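Peer 1: coords22.pdb (PDB, C-alpha atoms) pasted underneath:
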ATOM      1  CA  MET A  17       3.302  -9.255 -15.890  1.00  0.00           C
ATOM      2  CA  ALA A  18       2.103 -11.001 -12.769  1.00  0.00           C
ATOM      3  CA  ARG A  19      -0.050 -13.504 -14.645  1.00  0.00           C
ATOM      4  CA  GLU A  20       0.632 -16.776 -12.896  1.00  0.00           C
ATOM      5  CA  ASN A  21      -2.943 -16.932 -11.620  1.00  0.00           C
ATOM      6  CA  LYS A  22      -1.694 -16.239  -8.150  1.00  0.00           C
ATOM      7  CA  VAL A  23      -2.938 -13.394  -6.072  1.00  0.00           C
ATOM      8  CA  VAL A  24      -1.105 -10.148  -6.679  1.00  0.00           C
ATOM      9  CA  ASP A  25      -0.362  -8.826  -3.212  1.00  0.00           C
ATOM     10  CA  LEU A  26       0.431  -5.113  -3.261  1.00  0.00           C
ATOM     11  CA  THR A  27      -0.286  -4.484   0.422  1.00  0.00           C
ATOM     12  CA  SER A  28       3.342  -4.043   1.333  1.00  0.00           C
ATOM     13  CA  ALA A  29       4.563  -2.392  -1.873  1.00  0.00           C
ATOM     14  CA  LEU A  30       1.879   0.320  -1.848  1.00  0.00           C
ATOM     15  CA  SER A  31       1.638   0.923   1.884  1.00  0.00           C
ATOM     16  CA  ARG A  32       3.625   4.200   1.770  1.00  0.00           C
ATOM     17  CA  TYR A  33       1.997   5.620  -1.363  1.00  0.00           C
ATOM     18  CA  GLU A  34      -1.601   6.434  -0.429  1.00  0.00           C
ATOM     19  CA  GLY A  35      -3.016   9.112  -2.734  1.00  0.00           C
ATOM     20  CA  LYS A  36      -0.121   8.997  -5.194  1.00  0.00           C
ATOM     21  CA  TRP A  37       0.591   7.747  -8.666  1.00  0.00           C
ATOM     22  CA  VAL A  38       3.060   4.905  -8.672  1.00  0.00           C
ATOM     23  CA  ALA A  39       5.092   3.047 -11.270  1.00  0.00           C
ATOM     24  CA  LEU A  40       5.371  -0.668 -10.562  1.00  0.00           C
ATOM     25  CA  SER A  41       8.141  -2.893 -11.884  1.00  0.00           C
ATOM     26  CA  ARG A  42       7.102  -5.313 -14.661  1.00  0.00           C
ATOM     27  CA  ASP A  43       6.680  -8.110 -12.156  1.00  0.00           C
ATOM     28  CA  GLU A  44       4.472  -5.760 -10.092  1.00  0.00           C
ATOM     29  CA  LYS A  45       6.435  -6.535  -6.956  1.00  0.00           C
ATOM     30  CA  LYS A  46       8.015  -3.185  -6.208  1.00  0.00           C
ATOM     31  CA  VAL A  47       7.466   0.514  -6.733  1.00  0.00           C
ATOM     32  CA  VAL A  48      10.049   2.037  -9.076  1.00  0.00           C
ATOM     33  CA  GLY A  49       8.650   5.559  -9.122  1.00  0.00           C
ATOM     34  CA  SER A  50       5.982   7.671  -7.514  1.00  0.00           C
ATOM     35  CA  GLY A  51       4.651  11.187  -7.427  1.00  0.00           C
ATOM     36  CA  ARG A  52       1.659  13.415  -6.962  1.00  0.00           C
ATOM     37  CA  THR A  53       1.099  13.239 -10.720  1.00  0.00           C
ATOM     38  CA  LEU A  54       1.539  10.609 -13.391  1.00  0.00           C
ATOM     39  CA  LYS A  55       4.155  12.813 -15.019  1.00  0.00           C
ATOM     40  CA  GLU A  56       6.235  12.798 -11.847  1.00  0.00           C
ATOM     41  CA  ALA A  57       5.953   9.022 -11.450  1.00  0.00           C
ATOM     42  CA  VAL A  58       7.045   8.600 -15.096  1.00  0.00           C
ATOM     43  CA  ARG A  59      10.018  10.890 -14.540  1.00  0.00           C
ATOM     44  CA  VAL A  60      11.195   9.047 -11.419  1.00  0.00           C
ATOM     45  CA  ALA A  61      10.761   5.614 -13.032  1.00  0.00           C
ATOM     46  CA  GLY A  62      12.631   6.870 -16.111  1.00  0.00           C
ATOM     47  CA  LYS A  63      15.610   7.862 -13.988  1.00  0.00           C
ATOM     48  CA  LYS A  64      15.837   4.263 -12.818  1.00  0.00           C
ATOM     49  CA  ASN A  65      15.774   3.006 -16.429  1.00  0.00           C
ATOM     50  CA  CYS A  66      12.789   0.831 -15.676  1.00  0.00           C
ATOM     51  CA  LYS A  67      11.388  -0.446 -18.983  1.00  0.00           C
ATOM     52  CA  ASP A  68       7.612  -0.239 -19.440  1.00  0.00           C
ATOM     53  CA  PRO A  69       6.526   0.047 -15.822  1.00  0.00           C
ATOM     54  CA  VAL A  70       2.892  -0.422 -14.876  1.00  0.00           C
ATOM     55  CA  TYR A  71       1.215   2.727 -13.593  1.00  0.00           C
ATOM     56  CA  THR A  72      -1.616   3.057 -11.139  1.00  0.00           C
ATOM     57  CA  GLN A  73      -3.161   5.511  -8.746  1.00  0.00           C
ATOM     58  CA  VAL A  74      -3.238   4.492  -5.104  1.00  0.00           C
ATOM     59  CA  PHE A  75      -6.694   5.109  -3.711  1.00  0.00           C
ATOM     60  CA  SER A  76      -7.384   6.032  -0.090  1.00  0.00           C
ATOM     61  CA  PHE A  77      -6.743   3.235   2.405  1.00  0.00           C
ATOM     62  CA  SER A  78      -9.489   4.478   4.726  1.00  0.00           C
ATOM     63  CA  LYS A  79     -12.370   4.728   2.267  1.00  0.00           C
ATOM     64  CA  GLY A  80     -14.355   2.004   0.583  1.00  0.00           C
ATOM     65  CA  LEU A  81     -14.692   2.384  -3.158  1.00  0.00           C
ATOM     66  CA  ALA A  82     -18.143   3.169  -4.527  1.00  0.00           C
ATOM     67  CA  PRO A  83     -18.874   4.850  -7.845  1.00  0.00           C
ATOM     68  CA  TRP A  84     -18.060   8.541  -7.778  1.00  0.00           C
ATOM     69  CA  LEU A  85     -18.214   8.869  -4.017  1.00  0.00           C
ATOM     70  CA  LEU A  86     -14.821  10.491  -3.831  1.00  0.00           C
TER      71      LEU A  86
ATOM     72  CA  MET B  13     -12.856 -18.485 -27.739  1.00  0.00           C
ATOM     73  CA  ALA B  14      -9.780 -17.171 -25.930  1.00  0.00           C
ATOM     74  CA  THR B  15      -9.948 -17.043 -22.150  1.00  0.00           C
ATOM     75  CA  LEU B  16      -7.690 -15.115 -19.831  1.00  0.00           C
ATOM     76  CA  THR B  17      -7.524 -16.044 -16.175  1.00  0.00           C
ATOM     77  CA  ILE B  18      -6.399 -13.125 -14.102  1.00  0.00           C
ATOM     78  CA  PRO B  19      -5.753 -12.867 -10.375  1.00  0.00           C
ATOM     79  CA  TYR B  20      -7.436 -10.406  -8.067  1.00  0.00           C
ATOM     80  CA  TYR B  21      -5.235  -7.738  -6.503  1.00  0.00           C
ATOM     81  CA  LYS B  22      -4.803  -7.433  -2.753  1.00  0.00           C
ATOM     82  CA  LEU B  23      -4.401  -3.830  -1.624  1.00  0.00           C
ATOM     83  CA  PRO B  24      -3.741  -2.056   1.663  1.00  0.00           C
ATOM     84  CA  TYR B  25      -6.766  -0.941   3.640  1.00  0.00           C
ATOM     85  CA  LYS B  26      -7.437   0.457   7.096  1.00  0.00           C
ATOM     86  CA  PRO B  27      -9.953  -1.275   9.358  1.00  0.00           C
ATOM     87  CA  SER B  28     -13.254   0.555   9.812  1.00  0.00           C
ATOM     88  CA  GLU B  29     -15.745   0.646  12.660  1.00  0.00           C
ATOM     89  CA  ALA B  30     -18.044  -1.685  10.725  1.00  0.00           C
ATOM     90  CA  PHE B  31     -15.274  -4.089   9.676  1.00  0.00           C
ATOM     91  CA  PRO B  32     -12.477  -3.889  12.262  1.00  0.00           C
ATOM     92  CA  GLU B  33     -10.827  -7.080  10.993  1.00  0.00           C
ATOM     93  CA  GLU B  34     -10.550  -5.780   7.431  1.00  0.00           C
ATOM     94  CA  GLU B  35      -6.887  -4.918   6.882  1.00  0.00           C
ATOM     95  CA  ASN B  36      -6.811  -5.283   3.134  1.00  0.00           C
ATOM     96  CA  VAL B  37      -9.170  -5.185   0.202  1.00  0.00           C
ATOM     97  CA  TRP B  38      -9.457  -7.283  -2.952  1.00  0.00           C
ATOM     98  CA  ARG B  39     -10.100  -5.425  -6.177  1.00  0.00           C
ATOM     99  CA  PRO B  40     -10.587  -6.728  -9.732  1.00  0.00           C
ATOM    100  CA  PHE B  41      -7.738  -5.096 -11.585  1.00  0.00           C
ATOM    101  CA  VAL B  42      -6.287  -6.047 -14.903  1.00  0.00           C
ATOM    102  CA  GLU B  43      -3.048  -4.892 -16.443  1.00  0.00           C
ATOM    103  CA  VAL B  44      -3.897  -3.142 -19.686  1.00  0.00           C
ATOM    104  CA  ARG B  45      -1.807  -1.471 -22.360  1.00  0.00           C
ATOM    105  CA  ILE B  46      -3.518   1.652 -23.657  1.00  0.00           C
ATOM    106  CA  ASN B  47      -2.395   2.539 -27.172  1.00  0.00           C
ATOM    107  CA  ASN B  48      -3.063   5.421 -29.443  1.00  0.00           C
ATOM    108  CA  LYS B  49      -1.384   5.898 -32.788  1.00  0.00           C
ATOM    109  CA  THR B  50       2.007   6.948 -31.493  1.00  0.00           C
ATOM    110  CA  ALA B  51       2.414   5.900 -27.868  1.00  0.00           C
ATOM    111  CA  HIS B  52       1.339   3.446 -25.233  1.00  0.00           C
ATOM    112  CA  ILE B  53       1.199   3.159 -21.475  1.00  0.00           C
ATOM    113  CA  ASP B  54       0.699   0.141 -19.218  1.00  0.00           C
ATOM    114  CA  CYS B  55      -1.743   0.643 -16.358  1.00  0.00           C
ATOM    115  CA  LEU B  56      -3.724  -1.235 -13.808  1.00  0.00           C
ATOM    116  CA  ALA B  57      -7.402  -0.808 -14.635  1.00  0.00           C
ATOM    117  CA  LEU B  58     -10.396  -1.580 -12.462  1.00  0.00           C
ATOM    118  CA  LEU B  59     -12.998  -3.827 -14.066  1.00  0.00           C
ATOM    119  CA  ASP B  60     -16.006  -1.678 -13.196  1.00  0.00           C
ATOM    120  CA  SER B  61     -19.252  -3.308 -14.252  1.00  0.00           C
ATOM    121  CA  GLY B  62     -21.113  -0.302 -12.832  1.00  0.00           C
ATOM    122  CA  ALA B  63     -19.498   2.178 -15.200  1.00  0.00           C
ATOM    123  CA  ASP B  64     -21.326   2.860 -18.463  1.00  0.00           C
ATOM    124  CA  ASN B  65     -18.107   3.582 -20.337  1.00  0.00           C
ATOM    125  CA  CYS B  66     -14.348   3.254 -20.026  1.00  0.00           C
ATOM    126  CA  LEU B  67     -12.977   6.305 -18.253  1.00  0.00           C
ATOM    127  CA  PHE B  68      -9.356   7.346 -17.889  1.00  0.00           C
ATOM    128  CA  PRO B  69      -7.706  10.196 -16.022  1.00  0.00           C
ATOM    129  CA  ALA B  70      -6.735  13.025 -18.370  1.00  0.00           C
ATOM    130  CA  GLU B  71      -3.093  12.522 -17.346  1.00  0.00           C
ATOM    131  CA  ILE B  72      -3.123   9.227 -19.250  1.00  0.00           C
ATOM    132  CA  GLY B  73      -4.336  10.998 -22.386  1.00  0.00           C
ATOM    133  CA  GLU B  74      -1.739  13.717 -21.998  1.00  0.00           C
ATOM    134  CA  TYR B  75       0.991  11.091 -21.692  1.00  0.00           C
ATOM    135  CA  LEU B  76      -0.263   9.488 -24.911  1.00  0.00           C
ATOM    136  CA  GLY B  77      -0.355  12.819 -26.727  1.00  0.00           C
ATOM    137  CA  VAL B  78      -4.141  12.842 -27.115  1.00  0.00           C
ATOM    138  CA  ASP B  79      -5.656  16.264 -27.783  1.00  0.00           C
ATOM    139  CA  ILE B  80      -8.174  15.608 -25.051  1.00  0.00           C
ATOM    140  CA  ARG B  81     -10.508  18.597 -25.330  1.00  0.00           C
ATOM    141  CA  LYS B  82     -11.056  17.908 -29.036  1.00  0.00           C
ATOM    142  CA  GLY B  83     -13.039  14.793 -28.139  1.00  0.00           C
ATOM    143  CA  LYS B  84     -16.821  14.596 -28.057  1.00  0.00           C
ATOM    144  CA  THR B  85     -18.149  14.973 -24.529  1.00  0.00           C
ATOM    145  CA  LYS B  86     -20.419  13.084 -22.168  1.00  0.00           C
ATOM    146  CA  GLU B  87     -21.284  13.815 -18.554  1.00  0.00           C
ATOM    147  CA  PHE B  88     -21.434  11.208 -15.819  1.00  0.00           C
ATOM    148  CA  GLY B  89     -23.044  11.121 -12.393  1.00  0.00           C
ATOM    149  CA  GLY B  90     -23.373   8.478  -9.728  1.00  0.00           C
ATOM    150  CA  ILE B  91     -24.275   7.882  -6.153  1.00  0.00           C
ATOM    151  CA  GLY B  92     -22.157  10.780  -4.928  1.00  0.00           C
ATOM    152  CA  LYS B  93     -22.495  14.475  -5.486  1.00  0.00           C
ATOM    153  CA  GLY B  94     -21.697  16.255  -8.682  1.00  0.00           C
ATOM    154  CA  LYS B  95     -20.879  15.141 -12.163  1.00  0.00           C
ATOM    155  CA  ILE B  96     -17.838  14.651 -14.292  1.00  0.00           C
ATOM    156  CA  LYS B  97     -17.219  15.495 -17.913  1.00  0.00           C
ATOM    157  CA  ALA B  98     -15.299  13.174 -20.188  1.00  0.00           C
ATOM    158  CA  TYR B  99     -13.871  13.710 -23.677  1.00  0.00           C
ATOM    159  CA  PHE B 100     -14.047  10.633 -25.877  1.00  0.00           C
ATOM    160  CA  HIS B 101     -11.303   9.311 -28.130  1.00  0.00           C
ATOM    161  CA  ASP B 102     -10.584   6.017 -29.859  1.00  0.00           C
ATOM    162  CA  VAL B 103      -7.809   3.947 -28.314  1.00  0.00           C
ATOM    163  CA  LEU B 104      -6.679   0.357 -28.559  1.00  0.00           C
ATOM    164  CA  LEU B 105      -6.577  -1.681 -25.369  1.00  0.00           C
ATOM    165  CA  ARG B 106      -4.404  -4.749 -25.083  1.00  0.00           C
ATOM    166  CA  ILE B 107      -4.603  -7.326 -22.315  1.00  0.00           C
ATOM    167  CA  GLU B 108      -1.966  -9.995 -22.698  1.00  0.00           C
ATOM    168  CA  ASN B 109      -2.334 -10.968 -26.373  1.00  0.00           C
ATOM    169  CA  ILE B 110      -5.900  -9.757 -26.907  1.00  0.00           C
ATOM    170  CA  SER B 111      -6.773  -6.343 -28.341  1.00  0.00           C
ATOM    171  CA  PHE B 112      -9.965  -4.367 -27.862  1.00  0.00           C
ATOM    172  CA  LYS B 113     -11.029  -1.299 -29.825  1.00  0.00           C
ATOM    173  CA  CYS B 114     -12.399   1.208 -27.372  1.00  0.00           C
ATOM    174  CA  CYS B 115     -13.859   4.693 -27.417  1.00  0.00           C
ATOM    175  CA  ALA B 116     -12.751   5.882 -23.982  1.00  0.00           C
ATOM    176  CA  GLY B 117     -13.520   9.022 -22.036  1.00  0.00           C
ATOM    177  CA  PHE B 118     -10.684  11.107 -20.628  1.00  0.00           C
ATOM    178  CA  THR B 119     -11.582  13.341 -17.713  1.00  0.00           C
ATOM    179  CA  TYR B 120      -9.907  16.145 -15.806  1.00  0.00           C
ATOM    180  CA  ASP B 121     -12.249  15.404 -12.913  1.00  0.00           C
ATOM    181  CA  ARG B 122     -11.259  13.082 -10.140  1.00  0.00           C
ATOM    182  CA  LEU B 123     -11.165   9.355 -10.845  1.00  0.00           C
ATOM    183  CA  PRO B 124      -9.933   6.706  -8.428  1.00  0.00           C
ATOM    184  CA  TYR B 125      -8.481   4.482 -11.142  1.00  0.00           C
ATOM    185  CA  VAL B 126      -8.467   3.764 -14.833  1.00  0.00           C
ATOM    186  CA  LEU B 127     -11.945   2.264 -15.262  1.00  0.00           C
ATOM    187  CA  LEU B 128     -12.954  -0.360 -17.809  1.00  0.00           C
ATOM    188  CA  GLY B 129     -16.733  -0.179 -18.100  1.00  0.00           C
ATOM    189  CA  GLN B 130     -19.658  -1.606 -20.039  1.00  0.00           C
ATOM    190  CA  ASN B 131     -19.364   0.193 -23.376  1.00  0.00           C
ATOM    191  CA  GLY B 132     -15.904  -0.193 -24.814  1.00  0.00           C
ATOM    192  CA  PHE B 133     -14.892  -3.243 -22.799  1.00  0.00           C
ATOM    193  CA  PHE B 134     -17.569  -5.421 -21.208  1.00  0.00           C
ATOM    194  CA  ASP B 135     -19.470  -5.347 -24.513  1.00  0.00           C
ATOM    195  CA  GLN B 136     -16.589  -7.210 -26.184  1.00  0.00           C
ATOM    196  CA  CYS B 137     -16.094 -10.089 -23.780  1.00  0.00           C
ATOM    197  CA  ILE B 138     -17.638 -12.298 -21.134  1.00  0.00           C
ATOM    198  CA  ILE B 139     -16.305 -11.653 -17.651  1.00  0.00           C
ATOM    199  CA  SER B 140     -16.788 -13.725 -14.530  1.00  0.00           C
ATOM    200  CA  PHE B 141     -15.671 -12.552 -11.111  1.00  0.00           C
ATOM    201  CA  ASP B 142     -14.739 -15.399  -8.762  1.00  0.00           C
ATOM    202  CA  LEU B 143     -13.785 -13.593  -5.589  1.00  0.00           C
ATOM    203  CA  PRO B 144     -13.769 -16.740  -3.406  1.00  0.00           C
ATOM    204  CA  GLN B 145     -11.086 -18.184  -5.720  1.00  0.00           C
ATOM    205  CA  ARG B 146      -9.539 -14.719  -6.228  1.00  0.00           C
ATOM    206  CA  ILE B 147      -9.648 -14.998 -10.005  1.00  0.00           C
ATOM    207  CA  ILE B 148     -11.331 -13.275 -12.923  1.00  0.00           C
ATOM    208  CA  ARG B 149     -11.987 -14.936 -16.243  1.00  0.00           C
ATOM    209  CA  ILE B 150     -12.211 -12.860 -19.398  1.00  0.00           C
ATOM    210  CA  SER B 151     -13.413 -14.728 -22.459  1.00  0.00           C
ATOM    211  CA  VAL B 152     -13.372 -13.202 -25.896  1.00  0.00           C
ATOM    212  CA  PRO B 153     -15.559 -14.775 -28.617  1.00  0.00           C
TER     213      PRO B 153
END
Spit out the file's structure as structure tokens when you get a sec.
Peer 2:
Amino acid sequence: MARENKVVDLTSALSRYEGKWVALSRDEKKVVGSGRTLKEAVRVAGKKNCKDPVYTQVFSFSKGLAPWLL
Amino acid sequence: MATLTIPYYKLPYKPSEAFPEEENVWRPFVEVRINNKTAHIDCLALLDSGADNCLFPAEIGEYLGVDIRKGKTKEFGGIGKGKIKAYFHDVLLRIENISFKCCAGFTYDRLPYVLLGQNGFFDQCIISFDLPQRIIRISVP
């Protein structure tokens, strides 16, 4: 877990994954799996034997986030 | 009272006409473990004070083995078009060493992130957003 009260900077790690599900390493510094679906990201991360990755969707880089305006 | 201090997350973003200097965005995420009786998954969740409930993509529920469509339903709308339908199930959320019981909605409609909202999360803690310092404090009585 990246819990050292420092900023968690994912700008570089996520830059190639817009619109995808990604699995992040436990330290949240690198992507260890990705896919169009969560299932695919889980499968790819599993192949790399990454224990308990942290999953997230990567929202559009060109849209601001407002409730439900997707 | 236990207090967690959590950093903001810096994410990639493309400059817009209105904000041409904006090349990244700060969002209030927290790493949360979502548990049901037999499985768990670790996710980044957006602390969304504007959401009435906690809402998760159906894919999360499927991963956990939740029989999603057996849940009681609630519809949601917002500032955009349309509505979404969520199926509610009890889960246990864990952030660091603190657990929260939560009745969360799973939806097959489009969600940008796992959302932690008012009922099911904000009603169990006191949250302060300090964007200038890039930190969030979550205090649990």
Peer 1: Mind giving me the straight-line distance from atom CA of Lys63 of chain A to atom CA of Pro69 of chain B in Å, one decimal?
Peer 2: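 According to the coordinates, atom CA of Lys63 of chain A and atom CA of Pro69 of chain B are separated by 23.5 Å.
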Peer 1: Only residues of chain B matter here; which ones have an atom within 7 Å of chain A, counting all atoms listed in the file? Give them as a VMD selection string.
Peer 2: chain B and resid 17 to 26 54 to 56 71 90 to 92 124 to 125 146
Peer 1: Go ahead and write the selection's residues with C-alpha atoms as a PDB file, keeping the file's coordinate frame.
Peer 2:
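Now in selection.pdb:
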ATOM      1  CA  THR B  17      -7.524 -16.044 -16.175  1.00  0.00           C
ATOM      2  CA  ILE B  18      -6.399 -13.125 -14.102  1.00  0.00           C
ATOM      3  CA  PRO B  19      -5.753 -12.867 -10.375  1.00  0.00           C
ATOM      4  CA  TYR B  20      -7.436 -10.406  -8.067  1.00  0.00           C
ATOM      5  CA  TYR B  21      -5.235  -7.738  -6.503  1.00  0.00           C
ATOM      6  CA  LYS B  22      -4.803  -7.433  -2.753  1.00  0.00           C
ATOM      7  CA  LEU B  23      -4.401  -3.830  -1.624  1.00  0.00           C
ATOM      8  CA  PRO B  24      -3.741  -2.056   1.663  1.00  0.00           C
ATOM      9  CA  TYR B  25      -6.766  -0.941   3.640  1.00  0.00           C
ATOM     10  CA  LYS B  26      -7.437   0.457   7.096  1.00  0.00           C
ATOM     11  CA  ASP B  54       0.699   0.141 -19.218  1.00  0.00           C
ATOM     12  CA  CYS B  55      -1.743   0.643 -16.358  1.00  0.00           C
ATOM     13  CA  LEU B  56      -3.724  -1.235 -13.808  1.00  0.00           C
ATOM     14  CA  GLU B  71      -3.093  12.522 -17.346  1.00  0.00           C
ATOM     15  CA  GLY B  90     -23.373   8.478  -9.728  1.00  0.00           C
ATOM     16  CA  ILE B  91     -24.275   7.882  -6.153  1.00  0.00           C
ATOM     17  CA  GLY B  92     -22.157  10.780  -4.928  1.00  0.00           C
ATOM     18  CA  PRO B 124      -9.933   6.706  -8.428  1.00  0.00           C
ATOM     19  CA  TYR B 125      -8.481   4.482 -11.142  1.00  0.00           C
ATOM     20  CA  ARG B 146      -9.539 -14.719  -6.228  1.00  0.00           C
TER      21      ARG B 146
END
Peer 1: Do you know which residues lie at most 12 Å from (-18.4, 12.4, -26.4), with coordinates as in the file and only C-alpha atoms counted, and could you write them as a list of chain:residue names?
Peer 2: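 Residues with an atom at most 12 Å from (-18.4, 12.4, -26.4): B:Asn65, B:Cys66, B:Leu67, B:Ile80, B:Arg81, B:Lys82, B:Gly83, B:Lys84, B:Thr85, B:Lys86, B:Glu87, B:Phe88, B:Lys97, B:Ala98, B:Tyr99, B:Phe100, B:His101, B:Asp102, B:Cys115, B:Ala116, B:Gly117, B:Phe118, B:Thr119.
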Peer 1: Where does the PyMOL selection byres ((chain B and resi 77) around 10) land in this file, that is, which residues does it pick, as a list in words?
Peer 2: Asn48, Lys49, Thr50, Ala51, His52, Glu71, Ile72, Gly73, Glu74, Tyr75, Leu76, Val78, Asp79 and Ile80 of chain B
Peer 1: Please, what distance in Å, to one decimal, runs between atom CA of Gln145 of chain B and atom CA of Ile107 of chain B?
Peer 2: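 For atom CA of Gln145 of chain B relative to atom CA of Ile107 of chain B, the distance reads 20.9 Å.
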Peer 1: Please report the interatomic distance between atom CA of Cys114 of chain B and atom CA of Asn131 of chain B in Å with one decimal.
Peer 2: 8.1 Å
Peer 1: Would you kindly return, as a list in words, each protein, DNA or RNA residue with an atom no farther than 10 Å from any atom of Glu56 of chain A, considering all atoms listed in the file and excluding same-chain residues fewer than 6 positions away?
Peer 2: Lys36, Trp37, Val38, Ala39, Gly49, Ser50 and Gly62 of chain A
Peer 1: Starting from 3 Å padding per side, set up an axis-aligned box that covers all listed atoms of segment 31-44 of chain A and hand over centre and edge lengths in Å, one decimal, as lines of an AutoDock Vina configuration file.
Peer 2:
center_x = 2.6
center_y = 0.5
center_z = -6.4
size_x = 17.2
size_y = 23.2
size_z = 22.5
Peer 1: Starting from the PyMOL selection byres ((chain B and resi 130) around 12), expand the selection into actual residues of this file and give them as a list in words.
Peer 2: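 Going through the file, the PyMOL selection byres ((chain B and resi 130) around 12) ends up selecting Leu58, Leu59, Asp60, Ser61, Gly62, Ala63, Asp64, Asn65, Cys66, Leu67, Cys114, Cys115, Ala116, Leu127, Leu128, Gly129, Asn131, Gly132, Phe133, Phe134, Asp135, Gln136, Cys137, Ile138 and Ile139 of chain B.
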Peer 1: Choose the residue, out of B:Glu43, B:Glu34, B:Asp142, B:Glu29, that has the smallest atom-to-atom separation from Leu105 of chain B; count all atoms listed in the file.
Peer 2: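 Among B:Glu43, B:Glu34, B:Asp142, B:Glu29, it is B:Glu43 that comes nearest to Leu105 of chain B.
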Peer 1: Closest to Leu143 of chain B among B:Ala14, B:Val37, B:Ile110, B:Ala70, using only C-alpha atoms?
Peer 2: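 Of B:Ala14, B:Val37, B:Ile110, B:Ala70, the one nearest Leu143 of chain B is B:Val37, counting only C-alpha atoms.
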Peer 1: Place N, CA and C atoms on segment 70-83 of chain A and deliver the coordinates as a PDB file, in the coordinates of the input.
Peer 2:
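Once written, rebuild.pdb looks like this:
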ATOM      1  N   VAL A  70       4.360  -0.375 -14.908  1.00  0.00           N
ATOM      2  CA  VAL A  70       2.892  -0.422 -14.876  1.00  0.00           C
ATOM      3  C   VAL A  70       2.428   0.664 -13.910  1.00  0.00           C
ATOM      4  N   TYR A  71       1.610   1.574 -14.405  1.00  0.00           N
ATOM      5  CA  TYR A  71       1.215   2.727 -13.593  1.00  0.00           C
ATOM      6  C   TYR A  71      -0.159   2.514 -12.974  1.00  0.00           C
ATOM      7  N   THR A  72      -0.298   3.056 -11.776  1.00  0.00           N
ATOM      8  CA  THR A  72      -1.616   3.057 -11.139  1.00  0.00           C
ATOM      9  C   THR A  72      -1.696   4.195 -10.125  1.00  0.00           C
ATOM     10  N   GLN A  73      -2.928   4.600  -9.857  1.00  0.00           N
ATOM     11  CA  GLN A  73      -3.161   5.511  -8.746  1.00  0.00           C
ATOM     12  C   GLN A  73      -3.376   4.657  -7.502  1.00  0.00           C
ATOM     13  N   VAL A  74      -3.028   5.216  -6.363  1.00  0.00           N
ATOM     14  CA  VAL A  74      -3.238   4.492  -5.104  1.00  0.00           C
ATOM     15  C   VAL A  74      -4.374   5.192  -4.360  1.00  0.00           C
ATOM     16  N   PHE A  75      -5.492   4.536  -4.320  1.00  0.00           N
ATOM     17  CA  PHE A  75      -6.694   5.109  -3.711  1.00  0.00           C
ATOM     18  C   PHE A  75      -6.557   5.101  -2.185  1.00  0.00           C
ATOM     19  N   SER A  76      -7.364   5.928  -1.551  1.00  0.00           N
ATOM     20  CA  SER A  76      -7.384   6.032  -0.090  1.00  0.00           C
ATOM     21  C   SER A  76      -7.469   4.659   0.588  1.00  0.00           C
ATOM     22  N   PHE A  77      -6.700   4.491   1.649  1.00  0.00           N
ATOM     23  CA  PHE A  77      -6.743   3.235   2.405  1.00  0.00           C
ATOM     24  C   PHE A  77      -7.870   3.238   3.435  1.00  0.00           C
ATOM     25  N   SER A  78      -8.477   4.396   3.668  1.00  0.00           N
ATOM     26  CA  SER A  78      -9.489   4.478   4.726  1.00  0.00           C
ATOM     27  C   SER A  78     -10.903   4.651   4.187  1.00  0.00           C
ATOM     28  N   LYS A  79     -11.040   4.611   2.868  1.00  0.00           N
ATOM     29  CA  LYS A  79     -12.370   4.728   2.267  1.00  0.00           C
ATOM     30  C   LYS A  79     -12.662   3.493   1.432  1.00  0.00           C
ATOM     31  N   GLY A  80     -13.916   3.025   1.518  1.00  0.00           N
ATOM     32  CA  GLY A  80     -14.355   2.004   0.583  1.00  0.00           C
ATOM     33  C   GLY A  80     -14.560   2.655  -0.773  1.00  0.00           C
ATOM     34  N   LEU A  81     -14.538   1.846  -1.806  1.00  0.00           N
ATOM     35  CA  LEU A  81     -14.692   2.384  -3.158  1.00  0.00           C
ATOM     36  C   LEU A  81     -16.119   2.161  -3.632  1.00  0.00           C
ATOM     37  N   ALA A  82     -16.814   3.241  -3.930  1.00  0.00           N
ATOM     38  CA  ALA A  82     -18.143   3.169  -4.527  1.00  0.00           C
ATOM     39  C   ALA A  82     -18.156   4.195  -5.651  1.00  0.00           C
ATOM     40  N   PRO A  83     -18.942   3.970  -6.683  1.00  0.00           N
ATOM     41  CA  PRO A  83     -18.874   4.850  -7.845  1.00  0.00           C
ATOM     42  C   PRO A  83     -19.039   6.321  -7.488  1.00  0.00           C
TER      43      PRO A  83
END
